[in-house]
$ cat start38.cif   # mmCIF, C-alpha atoms and all ligand atoms
data_upload
#
loop_
_atom_site.label_atom_id
_atom_site.label_comp_id
_atom_site.auth_asym_id
_atom_site.auth_seq_id
_atom_site.Cartn_x
_atom_site.Cartn_y
_atom_site.Cartn_z
CA MET A 856 -65.76 9.02 -49.45
CA SER A 857 -64.77 10.99 -46.38
CA THR A 858 -67.22 11.93 -43.72
CA PRO A 859 -67.06 15.10 -41.60
CA LEU A 860 -65.84 12.97 -38.70
CA ASP A 861 -62.78 11.76 -40.67
CA LEU A 862 -61.93 15.34 -41.60
CA THR A 863 -61.96 16.42 -37.97
CA SER A 864 -59.73 13.56 -36.88
CA ASN A 865 -57.31 14.18 -39.78
CA LEU A 866 -57.08 17.82 -38.81
CA PHE A 867 -56.53 16.87 -35.20
CA PHE A 868 -53.83 14.39 -36.22
CA PHE A 869 -52.11 17.04 -38.36
CA ILE A 870 -52.05 19.61 -35.53
CA PHE A 871 -50.85 16.98 -33.09
CA THR A 872 -47.96 15.97 -35.39
CA VAL A 873 -46.91 19.55 -36.04
CA THR A 874 -46.91 20.25 -32.30
CA ILE A 875 -44.75 17.20 -31.53
CA LEU A 876 -42.26 18.10 -34.27
CA TYR A 877 -42.10 21.70 -33.06
CA VAL A 878 -41.38 20.62 -29.48
CA ALA A 879 -38.82 18.03 -30.59
CA TYR A 880 -36.83 20.55 -32.62
CA THR A 881 -37.00 23.52 -30.27
CA PHE A 882 -36.70 21.85 -26.86
CA PRO A 883 -33.17 22.42 -25.53
CA LYS A 884 -31.14 19.26 -25.97
CA LEU A 885 -29.29 17.77 -22.97
CA GLN A 886 -25.72 18.42 -23.99
CA PRO A 887 -22.85 17.04 -21.92
CA ASN A 888 -20.52 19.56 -20.29
CA GLN A 889 -16.84 19.30 -20.96
CA THR A 890 -14.23 19.92 -18.28
CA ASN A 891 -10.50 20.11 -18.81
CA LEU A 892 -8.16 20.01 -15.88
CA VAL A 893 -4.47 19.65 -15.29
CA PHE A 894 -2.96 18.45 -12.03
CA TYR A 895 0.24 16.85 -10.80
CA VAL A 896 0.76 13.57 -8.97
CA HIS A 897 3.89 12.99 -6.90
CA ASP A 898 5.02 9.36 -6.68
CA ARG A 899 7.69 8.75 -4.03
CA PHE A 900 8.81 5.23 -3.22
CA THR A 901 11.74 6.35 -1.03
CA GLY A 902 12.54 9.04 1.53
CA ASP A 903 10.85 10.33 4.67
CA HIS A 904 7.73 11.41 2.86
CA SER A 905 7.26 8.36 0.68
CA THR A 906 3.64 7.82 -0.34
CA ALA A 907 4.08 4.72 -2.49
CA ALA A 908 5.06 1.23 -1.41
CA THR A 909 5.52 -2.11 -3.11
CA VAL A 910 3.41 -4.76 -1.43
CA ALA A 911 3.96 -7.84 -3.58
CA GLY A 912 5.98 -9.18 -6.45
CA LYS A 913 8.46 -11.88 -7.46
CA SER A 914 10.69 -10.92 -4.50
CA GLY A 915 7.87 -10.10 -2.12
CA THR A 916 7.55 -6.61 -0.71
CA ALA A 917 11.17 -5.91 -1.67
CA SER A 918 10.22 -6.18 -5.37
CA ASN A 919 11.13 -3.23 -7.53
CA ILE A 920 8.25 -1.43 -9.24
CA LEU A 921 10.34 -1.47 -12.43
CA HIS A 922 10.14 -5.29 -12.56
CA PHE A 923 7.33 -7.32 -14.05
CA GLY A 924 4.78 -8.60 -11.54
CA THR A 925 5.29 -5.99 -8.84
CA VAL A 926 2.26 -4.46 -7.16
CA ALA A 927 2.49 -1.04 -5.49
CA ILE A 928 -0.08 0.88 -3.48
CA VAL A 929 -0.07 4.67 -3.57
CA ASP A 930 -1.59 7.52 -1.61
CA ASP A 931 0.10 10.30 -3.54
CA PRO A 932 -0.35 14.04 -3.08
CA VAL A 933 -2.08 15.79 -5.98
CA THR A 934 -1.08 19.40 -6.50
CA GLU A 935 -2.22 22.27 -8.66
CA GLY A 936 1.25 22.99 -10.00
CA PRO A 937 4.31 20.88 -10.82
CA THR A 938 6.22 21.35 -7.57
CA ILE A 939 5.50 19.49 -4.34
CA ASP A 940 5.02 22.76 -2.43
CA SER A 941 2.36 23.92 -4.87
CA PRO A 942 -1.21 23.96 -3.36
CA LEU A 943 -2.43 20.49 -2.44
CA ILE A 944 -5.79 19.78 -4.10
CA GLY A 945 -6.23 16.07 -3.39
CA ARG A 946 -4.82 12.58 -3.22
CA ALA A 947 -4.32 9.86 -5.81
CA GLN A 948 -5.15 6.58 -4.07
CA GLY A 949 -4.93 3.20 -5.71
CA MET A 950 -2.36 0.95 -7.25
CA TYR A 951 0.15 0.25 -9.95
CA VAL A 952 0.90 -3.21 -11.25
CA ASN A 953 3.96 -3.71 -13.39
CA SER A 954 2.28 -5.69 -16.13
CA GLN A 955 4.69 -5.61 -19.03
CA LEU A 956 7.10 -8.55 -19.36
CA ASP A 957 10.10 -6.30 -19.97
CA GLY A 958 9.16 -4.20 -16.92
CA LYS A 959 8.60 -1.02 -18.90
CA GLY A 960 4.85 -0.72 -18.50
CA LEU A 961 2.52 -0.28 -15.56
CA TYR A 962 -1.17 -0.88 -15.25
CA MET A 963 -2.62 1.87 -13.08
CA VAL A 964 -5.94 2.14 -11.36
CA PHE A 965 -6.58 4.90 -8.85
CA SER A 966 -9.05 7.48 -7.60
CA VAL A 967 -8.20 11.15 -7.64
CA ILE A 968 -9.99 12.48 -4.57
CA PHE A 969 -10.23 16.25 -4.58
CA THR A 970 -9.97 17.76 -1.11
CA SER A 971 -9.78 21.44 -1.96
CA GLY A 972 -10.31 23.84 -4.82
CA LYS A 973 -13.12 23.90 -7.34
CA PHE A 974 -13.69 20.13 -7.30
CA LYS A 975 -13.50 19.59 -3.53
CA GLY A 976 -15.54 16.55 -2.50
CA SER A 977 -15.59 15.06 -6.00
CA SER A 978 -13.47 12.30 -7.47
CA LEU A 979 -12.29 10.84 -10.75
CA GLU A 980 -11.59 7.16 -11.45
CA ILE A 981 -8.51 6.67 -13.57
CA GLN A 982 -7.55 3.46 -15.29
CA GLY A 983 -5.05 2.62 -17.98
CA SER A 984 -1.61 1.70 -19.00
CA ASP A 985 1.46 3.77 -18.21
CA ILE A 986 4.34 2.98 -20.55
CA PHE A 987 6.51 5.36 -18.59
CA ALA A 988 9.33 5.77 -21.12
CA MET A 989 6.89 7.39 -23.55
CA LYS A 990 6.71 11.16 -23.50
CA GLU A 991 2.90 11.20 -23.57
CA ARG A 992 0.64 8.29 -22.72
CA GLU A 993 -3.11 8.30 -22.82
CA PHE A 994 -5.32 6.77 -20.15
CA GLY A 995 -9.03 6.41 -19.54
CA VAL A 996 -11.23 8.27 -17.08
CA VAL A 997 -13.90 5.69 -16.42
CA SER A 998 -16.19 7.31 -13.88
CA GLY A 999 -16.43 9.84 -11.09
CA THR A 1000 -18.45 11.22 -8.22
CA GLY A 1001 -19.91 14.57 -7.18
CA TYR A 1002 -19.25 17.16 -9.86
CA PHE A 1003 -18.02 14.30 -12.05
CA ARG A 1004 -21.06 12.01 -11.88
CA PHE A 1005 -21.58 10.14 -15.16
CA VAL A 1006 -18.14 11.22 -16.31
CA LYS A 1007 -16.38 9.69 -19.28
CA GLY A 1008 -13.16 10.82 -20.80
CA TYR A 1009 -9.48 10.49 -21.25
CA GLY A 1010 -6.28 12.06 -20.08
CA ILE A 1011 -2.71 12.51 -21.17
CA MET A 1012 0.10 11.78 -18.74
CA GLU A 1013 3.58 13.21 -19.00
CA THR A 1014 6.56 12.78 -16.72
CA GLU A 1015 7.36 16.20 -15.33
CA PHE A 1016 10.25 15.01 -13.17
CA MET A 1017 11.89 11.63 -12.65
CA ASP A 1018 14.61 10.40 -10.31
CA ILE A 1019 14.75 6.77 -11.34
CA ALA A 1020 17.52 5.82 -8.84
CA ASN A 1021 15.34 6.92 -5.90
CA LEU A 1022 12.07 5.92 -7.55
CA LYS A 1023 10.54 9.38 -7.41
CA ALA A 1024 8.48 10.93 -10.15
CA THR A 1025 6.12 13.82 -10.70
CA LEU A 1026 3.46 13.21 -13.30
CA LYS A 1027 1.41 15.77 -15.14
CA LEU A 1028 -2.13 14.59 -15.82
CA ASN A 1029 -4.17 16.53 -18.33
CA VAL A 1030 -7.74 15.26 -18.20
CA SER A 1031 -10.61 15.96 -20.63
CA VAL A 1032 -13.98 14.67 -19.52
CA LYS A 1033 -17.62 14.89 -20.51
CA HIS A 1034 -20.34 14.83 -17.89
CA TYR A 1035 -23.80 16.26 -17.12
C1 LIG B 1101 -4.36 19.13 -22.53
O1 LIG B 1101 -4.69 18.21 -23.54
C2 LIG B 1101 -5.41 18.80 -24.61
C3 LIG B 1101 -5.76 17.68 -25.58
O2 LIG B 1101 -6.54 16.71 -24.94
C4 LIG B 1101 -4.56 19.88 -25.25
O3 LIG B 1101 -5.30 20.50 -26.27
C5 LIG B 1101 -4.16 20.91 -24.22
O4 LIG B 1101 -3.28 21.84 -24.78
C6 LIG B 1101 -3.47 20.25 -23.04
N1 LIG B 1101 -3.20 21.22 -21.99
C7 LIG B 1101 -2.07 21.29 -21.31
C8 LIG B 1101 -1.98 22.36 -20.28
O5 LIG B 1101 -1.14 20.51 -21.49
#
$ encode --input "start38.cif" --output "structure tokens" --more "lines below"
Ligand SMILES: *[C@@H]1O[C@H](CO)[C@@H](O)[C@H](O)[C@H]1NC(C)=O
Amino acid sequence: MSTPLDLTSNLFFFIFTVTILYVAYTFPKLQPNQTNLVFYVHDRFTGDHSTAATVAGKSGTASNILHFGTVAIVDDPVTEGPTIDSPLIGRAQGMYVNSQLDGKGLYMVFSVIFTSGKFKGSSLEIQGSDIFAMKEREFGVVSGTGYFRFVKGYGIMETEFMDIANLKATLKLNVSVKHY
């Protein structure tokens, strides 16, 4: 048999539950933002303005980046458009390791540090494999700073220009990331 006290507490419990459910369903959910961006990275191992250098490999620093085991360090210009004289928006700093036995695949790990434009002062951390003979290869975007804090995503890399004899290439990176 219920007492008046039980009734009051049941009513209180009912109102409390309804309130919680109302708040849970109407409170704006924290949705991640999505950002898409396209930029170009210019890899130049030769010439006056080279920004990439092999530092180790089977034949020491003279190792070719197209041979298995070679390690190269890059500080490549990042531009808005596909040509080298297009506005500079940052640098791609990091390294490539030729990590495929037949020499046709690189492991890449670098930061894209934005120095001008919308993302100035922010960076993206890129990591993945670059099987450079493929038209499109997908890589991971593992983290970031500034505007890109808590970022997670992927990107698609395409070779925009390649001069294999002089080890020069321009890469188009199309990045899709989620962040808060
Ligand atoms: C970038 O990649 C997305 C798929 O992730 C695609 O829908 C979009 O068209 C690409 N943009 C450019 C400019 O290539």
$ closest_residue --input "start38.cif" --among "A:Phe974, A:Phe868, A:Tyr1035, A:Tyr895" --to "A:Pro942" --atoms "only C-alpha atoms"
A:Tyr895
$ residues_around --input "start38.cif" --residues "A:Asn891" --least-positions-apart "6" --cutoff "8 Å" --atoms "all atoms listed in the file" --output "ChimeraX atom specification"
/A:1029-1032
$ write_last_selection --input "start38.cif" --atoms "C-alpha atoms" --output "mmCIF file, in the frame of the given file"
data_model
loop_
_atom_site.group_PDB
_atom_site.id
_atom_site.type_symbol
_atom_site.label_atom_id
_atom_site.label_comp_id
_atom_site.auth_asym_id
_atom_site.auth_seq_id
_atom_site.Cartn_x
_atom_site.Cartn_y
_atom_site.Cartn_z
ATOM 1 C CA ASN A 1029 -4.170 16.530 -18.330
ATOM 2 C CA VAL A 1030 -7.740 15.260 -18.200
ATOM 3 C CA SER A 1031 -10.610 15.960 -20.630
ATOM 4 C CA VAL A 1032 -13.980 14.670 -19.520
#
$ closest_atom_pairs --input "start38.cif" --of "chain A" --to "ligand LIG 1101 (chain B)" --cutoff "10 Å" --atoms "only C-alpha atoms and all ligand atoms" --output "CSV"
residue,atom,partner,partner_atom,distance
A:Asn891,CA,B:LIG1101,C1,7.2
A:Leu892,CA,B:LIG1101,C1,7.7
A:Val893,CA,B:LIG1101,C8,6.2
A:Phe894,CA,B:LIG1101,C8,9.2
A:Glu993,CA,B:LIG1101,O2,9.3
A:Gly1008,CA,B:LIG1101,O2,9.8
A:Tyr1009,CA,B:LIG1101,O2,7.8
A:Gly1010,CA,B:LIG1101,O2,6.7
A:Ile1011,CA,B:LIG1101,O1,6.5
A:Met1012,CA,B:LIG1101,O5,9.2
A:Glu1013,CA,B:LIG1101,O5,9.0
A:Lys1027,CA,B:LIG1101,O5,8.3
A:Leu1028,CA,B:LIG1101,O5,8.3
A:Asn1029,CA,B:LIG1101,C1,4.9
A:Val1030,CA,B:LIG1101,C1,6.7
A:Ser1031,CA,B:LIG1101,O2,6.0
A:Val1032,CA,B:LIG1101,O2,9.4
$ closest_residue --input "start38.cif" --among "A:Val933, A:Val967, A:Ile1019, A:Ala1024" --to "A:Val997" --atoms "all atoms listed in the file"
A:Val967
$ residues_near_point --input "start38.cif" --point "(-17.2, 16.2, -8.0)" --cutoff "6 Å" --atoms "all atoms listed in the file" --output "short mmCIF file (atom, residue, chain, number, x, y, z; two decimals) with C-alpha atoms, in the coordinates of the input"
data_model
loop_
_atom_site.label_atom_id
_atom_site.label_comp_id
_atom_site.auth_asym_id
_atom_site.auth_seq_id
_atom_site.Cartn_x
_atom_site.Cartn_y
_atom_site.Cartn_z
CA PHE A 974 -13.69 20.13 -7.30
CA GLY A 976 -15.54 16.55 -2.50
CA SER A 977 -15.59 15.06 -6.00
CA SER A 978 -13.47 12.30 -7.47
CA THR A 1000 -18.45 11.22 -8.22
CA GLY A 1001 -19.91 14.57 -7.18
CA TYR A 1002 -19.25 17.16 -9.86
CA PHE A 1003 -18.02 14.30 -12.05
#
$ residues_near_point --input "start38.cif" --point "(4.1, 15.5, -11.9)" --cutoff "7 Å" --atoms "all atoms listed in the file" --output "PDB file with C-alpha atoms, keeping the file's coordinate frame"
ATOM      1  CA  TYR A 895       0.240  16.850 -10.800  1.00  0.00           C
ATOM      2  CA  VAL A 896       0.760  13.570  -8.970  1.00  0.00           C
ATOM      3  CA  HIS A 897       3.890  12.990  -6.900  1.00  0.00           C
ATOM      4  CA  PRO A 937       4.310  20.880 -10.820  1.00  0.00           C
ATOM      5  CA  THR A1014       6.560  12.780 -16.720  1.00  0.00           C
ATOM      6  CA  GLU A1015       7.360  16.200 -15.330  1.00  0.00           C
ATOM      7  CA  PHE A1016      10.250  15.010 -13.170  1.00  0.00           C
ATOM      8  CA  ALA A1024       8.480  10.930 -10.150  1.00  0.00           C
ATOM      9  CA  THR A1025       6.120  13.820 -10.700  1.00  0.00           C
ATOM     10  CA  LEU A1026       3.460  13.210 -13.300  1.00  0.00           C
ATOM     11  CA  LYS A1027       1.410  15.770 -15.140  1.00  0.00           C
TER      12      LYS A1027
END
$ closest_residue --input "start38.cif" --among "A:Ala879, A:Met963, A:Val1006, A:Val929" --to "A:Lys1033" --atoms "only C-alpha atoms"
A:Val1006
$ axis_aligned_box --input "start38.cif" --around "stretch 866-883 of chain A" --padding-each-side "4 Å" --output "AutoDock Vina command-line options"
--center_x -45.1 --center_y 19.0 --center_z -32.2 --size_x 31.9 --size_y 17.1 --size_z 21.3
$ closest_residue --input "start38.cif" --among "A:Lys884, A:Arg1004, A:Lys973, A:Arg899" --to "A:Ala927" --atoms "only C-alpha atoms"
A:Arg899
$ closest_residue --input "start38.cif" --among "A:Ile870, A:Asp898, A:Lys913, A:Leu956" --to "A:Ile928" --atoms "all atoms listed in the file"
A:Asp898
$ atom_distance --input "start38.cif" --atom1 "atom CA of A:Asn865" --atom2 "atom CA of A:Val878"
20.0 Å
$ build_atoms --input "start38.cif" --residues "stretch 874-890 of chain A" --atoms "N, CA and C atoms" --output "PDB file, keeping the file's coordinate frame"
ATOM      1  N   THR A 874     -47.277  19.848 -33.661  1.00  0.00           N
ATOM      2  CA  THR A 874     -46.910  20.250 -32.300  1.00  0.00           C
ATOM      3  C   THR A 874     -45.731  19.409 -31.789  1.00  0.00           C
ATOM      4  N   ILE A 875     -45.833  18.105 -31.992  1.00  0.00           N
ATOM      5  CA  ILE A 875     -44.750  17.200 -31.530  1.00  0.00           C
ATOM      6  C   ILE A 875     -43.430  17.552 -32.214  1.00  0.00           C
ATOM      7  N   LEU A 876     -43.482  17.773 -33.533  1.00  0.00           N
ATOM      8  CA  LEU A 876     -42.260  18.100 -34.270  1.00  0.00           C
ATOM      9  C   LEU A 876     -41.678  19.423 -33.784  1.00  0.00           C
ATOM     10  N   TYR A 877     -42.548  20.381 -33.536  1.00  0.00           N
ATOM     11  CA  TYR A 877     -42.100  21.700 -33.060  1.00  0.00           C
ATOM     12  C   TYR A 877     -41.367  21.556 -31.713  1.00  0.00           C
ATOM     13  N   VAL A 878     -41.969  20.815 -30.820  1.00  0.00           N
ATOM     14  CA  VAL A 878     -41.380  20.620 -29.480  1.00  0.00           C
ATOM     15  C   VAL A 878     -40.039  19.885 -29.602  1.00  0.00           C
ATOM     16  N   ALA A 879     -40.027  18.831 -30.451  1.00  0.00           N
ATOM     17  CA  ALA A 879     -38.820  18.030 -30.590  1.00  0.00           C
ATOM     18  C   ALA A 879     -37.640  18.844 -31.114  1.00  0.00           C
ATOM     19  N   TYR A 880     -37.924  19.779 -32.023  1.00  0.00           N
ATOM     20  CA  TYR A 880     -36.830  20.550 -32.620  1.00  0.00           C
ATOM     21  C   TYR A 880     -36.433  21.783 -31.825  1.00  0.00           C
ATOM     22  N   THR A 881     -37.330  22.289 -30.988  1.00  0.00           N
ATOM     23  CA  THR A 881     -37.000  23.520 -30.270  1.00  0.00           C
ATOM     24  C   THR A 881     -36.633  23.282 -28.811  1.00  0.00           C
ATOM     25  N   PHE A 882     -36.998  22.124 -28.263  1.00  0.00           N
ATOM     26  CA  PHE A 882     -36.700  21.850 -26.860  1.00  0.00           C
ATOM     27  C   PHE A 882     -35.177  21.769 -26.679  1.00  0.00           C
ATOM     28  N   PRO A 883     -34.629  22.456 -25.673  1.00  0.00           N
ATOM     29  CA  PRO A 883     -33.170  22.420 -25.530  1.00  0.00           C
ATOM     30  C   PRO A 883     -32.660  20.998 -25.304  1.00  0.00           C
ATOM     31  N   LYS A 884     -31.684  20.616 -26.084  1.00  0.00           N
ATOM     32  CA  LYS A 884     -31.140  19.260 -25.970  1.00  0.00           C
ATOM     33  C   LYS A 884     -30.198  19.172 -24.762  1.00  0.00           C
ATOM     34  N   LEU A 885     -30.166  17.997 -24.124  1.00  0.00           N
ATOM     35  CA  LEU A 885     -29.290  17.770 -22.970  1.00  0.00           C
ATOM     36  C   LEU A 885     -27.882  17.506 -23.490  1.00  0.00           C
ATOM     37  N   GLN A 886     -27.084  18.540 -23.475  1.00  0.00           N
ATOM     38  CA  GLN A 886     -25.720  18.420 -23.990  1.00  0.00           C
ATOM     39  C   GLN A 886     -24.761  18.161 -22.830  1.00  0.00           C
ATOM     40  N   PRO A 887     -23.812  17.238 -23.006  1.00  0.00           N
ATOM     41  CA  PRO A 887     -22.850  17.040 -21.920  1.00  0.00           C
ATOM     42  C   PRO A 887     -21.926  18.256 -21.764  1.00  0.00           C
ATOM     43  N   ASN A 888     -21.512  18.508 -20.538  1.00  0.00           N
ATOM     44  CA  ASN A 888     -20.520  19.560 -20.290  1.00  0.00           C
ATOM     45  C   ASN A 888     -19.146  18.945 -20.482  1.00  0.00           C
ATOM     46  N   GLN A 889     -18.214  19.778 -20.854  1.00  0.00           N
ATOM     47  CA  GLN A 889     -16.840  19.300 -20.960  1.00  0.00           C
ATOM     48  C   GLN A 889     -15.973  20.040 -19.950  1.00  0.00           C
ATOM     49  N   THR A 890     -15.160  19.293 -19.232  1.00  0.00           N
ATOM     50  CA  THR A 890     -14.230  19.920 -18.280  1.00  0.00           C
ATOM     51  C   THR A 890     -12.815  19.453 -18.603  1.00  0.00           C
TER      52      THR A 890
END
